[in-house]
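Participant: Pasting a structure here, questions to come.
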Amino acid sequence: MKILGIDPGMAIVGYSILDFDGKNIVLEHSGSIQTQKGQKESSRLLEIFNDLRTIVAEYKPDVCAIEKLFFFRNYTTVMPVAHARGVILLVLEQFNIPVYEYTPIEVKQILTGYGRATKKEVEQMVKISLGVDKLPKLDDTVDSIAIGICYTRNQKYTHF
């Protein structure tokens with residue numbers, strides 16, 4: 001099974017493609033979609049849309065695990081992220097890819113057993129889950145991997 005993990009954002013969308021055989025998780029590919037701050041929001045959303053369509057068409061994921069927005073202190077931050085997330089969900093719907101959503105607290109809880117875990121603790125569990133010593137440098141990409149791993153650990157959603 002191929003899982004597309006996504007950490008949505010307007011400036012950076014972290015993504016990863018994980019192969020999961022029911023036991024082992026292999027990171028097939030990861031990266032980010034980055035948009036320029038000075039561009040119109042509509043142009044940035046179109047860039048996310050087009051880039052994600054290319055990624056989905058190339059890797060053909062079976063499911064997508066995406067971070068769910070649940071609380072933001074800064075209203076000016078949450079709106080662009082929500083718009084980007086909407087574009088991402090549109091692409092996934094066009095390709096008929098089932099979507100599973102996890103809040104940041106759920107990701108931390110599922111990976112570490114503690115909903116208030118630090119970034120370092122989550123990164124360590126991602127390394128252990130993948131059996132690797134190094135992770136991508138960009139936090140958004142690592143977060144997308146963590147979100148994808150959540151799907152593999154949530155047995156009620158994992159069908160084999």
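All residue names refer to the structure tokens as shown: chains lettered A, B, ... in order, residues numbered from 1 in each chain, ligands numbered from 1 in order.
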Apply DSSP to the structure's backbone, then extract all residues of chain A labelled strand (DSSP E) and return them as number ranges by chain.
Facilitator: A: 2-7, 12-20, 25-34, 63-67, 99-102
Participant: Using only C-alpha atoms, which protein or nucleic acid residues come within 12 Å of A:Ala57? Drop anything in the same chain fewer than 2 positions from it, and give the result as a list in words.
Facilitator: Leu4, Asn50, Asp51, Leu52, Arg53, Thr54, Ile55, Tyr59, Lys60, Pro61, Asp62, Val91, Leu92, Gln94, Phe95, Asn96 and Ile97 of chain A
Participant: Just checking: using only C-alpha atoms, which residue out of A:Arg153, A:Lys137, A:His83, A:Lys23 ends up closest to A:Leu45?
Facilitator: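 Smallest separation from A:Leu45 among the options: A:His83.
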Participant: Tell me, which residues of chain A carry DSSP helix (DSSP H, G or I), written as a short mmCIF file (atom, residue, chain, number, x, y, z; two decimals) with C-alpha atoms, in the first residue's frame?
Facilitator:
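Printed below is result_13.cif as written:
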```
data_model
loop_
_atom_site.label_atom_id
_atom_site.label_comp_id
_atom_site.auth_asym_id
_atom_site.auth_seq_id
_atom_site.Cartn_x
_atom_site.Cartn_y
_atom_site.Cartn_z
CA GLU A 41 -2.59 33.82 -3.05
CA SER A 42 -4.47 32.46 -6.07
CA SER A 43 -1.18 31.90 -7.93
CA ARG A 44 0.28 30.09 -4.94
CA LEU A 45 -2.79 27.88 -4.64
CA LEU A 46 -2.59 27.04 -8.34
CA GLU A 47 1.06 26.06 -7.90
CA ILE A 48 0.14 23.73 -5.01
CA PHE A 49 -2.70 22.28 -7.09
CA ASN A 50 -0.54 21.62 -10.15
CA ASP A 51 2.45 20.25 -8.24
CA LEU A 52 0.33 17.93 -6.12
CA ARG A 53 -1.50 16.63 -9.19
CA THR A 54 1.88 15.75 -10.69
CA ILE A 55 2.99 13.97 -7.50
CA VAL A 56 -0.24 12.00 -7.20
CA ALA A 57 -0.19 11.04 -10.89
CA GLU A 58 3.41 9.85 -10.63
CA TYR A 59 3.27 7.90 -7.34
CA TYR A 75 -6.19 34.07 12.29
CA THR A 76 -4.00 35.48 9.51
CA THR A 77 -2.04 32.19 9.43
CA VAL A 78 -4.96 29.79 9.58
CA MET A 79 -6.85 31.17 6.57
CA PRO A 80 -4.10 30.64 3.96
CA VAL A 81 -3.35 27.18 5.40
CA ALA A 82 -7.04 26.33 5.23
CA HIS A 83 -7.16 27.49 1.60
CA ALA A 84 -4.11 25.38 0.73
CA ARG A 85 -5.63 22.42 2.52
CA GLY A 86 -8.82 22.88 0.48
CA VAL A 87 -6.84 22.77 -2.78
CA ILE A 88 -5.03 19.64 -1.56
CA LEU A 89 -8.33 17.94 -0.69
CA LEU A 90 -9.66 18.87 -4.13
CA VAL A 91 -6.73 17.10 -5.85
CA LEU A 92 -7.19 14.03 -3.67
CA GLU A 93 -10.91 13.95 -4.48
CA GLN A 94 -10.19 14.25 -8.22
CA PRO A 104 -0.82 17.42 15.61
CA ILE A 105 -1.66 16.07 19.08
CA GLU A 106 -2.91 12.80 17.56
CA VAL A 107 0.30 12.46 15.52
CA LYS A 108 2.42 12.92 18.65
CA GLN A 109 0.22 10.57 20.67
CA ILE A 110 0.25 7.84 18.02
CA LEU A 111 4.00 8.06 17.38
CA THR A 112 5.36 8.65 20.88
CA LYS A 119 9.74 17.71 17.64
CA LYS A 120 12.93 15.81 18.51
CA GLU A 121 10.93 12.99 20.11
CA VAL A 122 8.68 12.73 17.05
CA GLU A 123 11.73 12.77 14.74
CA GLN A 124 13.33 9.97 16.77
CA MET A 125 10.21 7.82 16.42
CA VAL A 126 10.10 8.51 12.68
CA LYS A 127 13.73 7.33 12.40
CA ILE A 128 12.93 4.19 14.40
CA SER A 129 9.77 3.51 12.35
CA LEU A 130 11.70 3.78 9.09
CA ASP A 139 10.56 20.03 9.22
CA ASP A 140 7.47 20.10 6.99
CA THR A 141 8.71 17.04 5.09
CA VAL A 142 9.51 15.16 8.31
CA ASP A 143 6.06 16.08 9.62
CA SER A 144 4.48 14.62 6.47
CA ILE A 145 6.32 11.35 7.10
CA ALA A 146 5.10 11.30 10.72
CA ILE A 147 1.53 11.90 9.53
CA GLY A 148 1.85 9.05 7.01
CA ILE A 149 3.19 6.72 9.71
CA CYS A 150 0.10 7.53 11.80
CA TYR A 151 -2.05 5.83 9.19
CA THR A 152 0.00 2.63 9.54
CA ARG A 153 -0.44 2.66 13.32
#
```
Participant: I'd like the neighbourhood of A:Thr35 as a list in words, where a residue qualifies if any of its atoms comes within 7 Å (using only C-alpha atoms), though same-chain residues fewer than 2 positions away should be ignored.
Facilitator: Ala11, Ile12, Ile33, Lys37 and Arg44 of chain A
Participant: Excluding A:Cys64 and its own-chain neighbours fewer than 2 positions away, which residues fall within 7 Å of it when counting only C-alpha atoms? Please give them as a list of chain:residue names.
Facilitator: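 Everything that qualifies: A:Ile3, A:Leu4, A:Gly5, A:Ile66, A:Ile97, A:Pro98, A:Val99, A:Tyr100.
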Participant: May I ask for the distance between atom CA of A:Lys2 and atom CA of A:Phe20, given in Å to one decimal place?
Facilitator: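 Between atom CA of A:Lys2 and atom CA of A:Phe20 the gap is 6.4 Å.
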Participant: Could you check how far atom CA of A:Gln36 sits from atom CA of A:Tyr15, in Å to one decimal?
Facilitator: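 A separation of 17.7 Å between them.
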Participant: Quick one, how far is atom CA of A:Leu138 from atom CA of A:Lys40?
Facilitator: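 Separating atom CA of A:Leu138 from atom CA of A:Lys40 is a distance of 24.1 Å.
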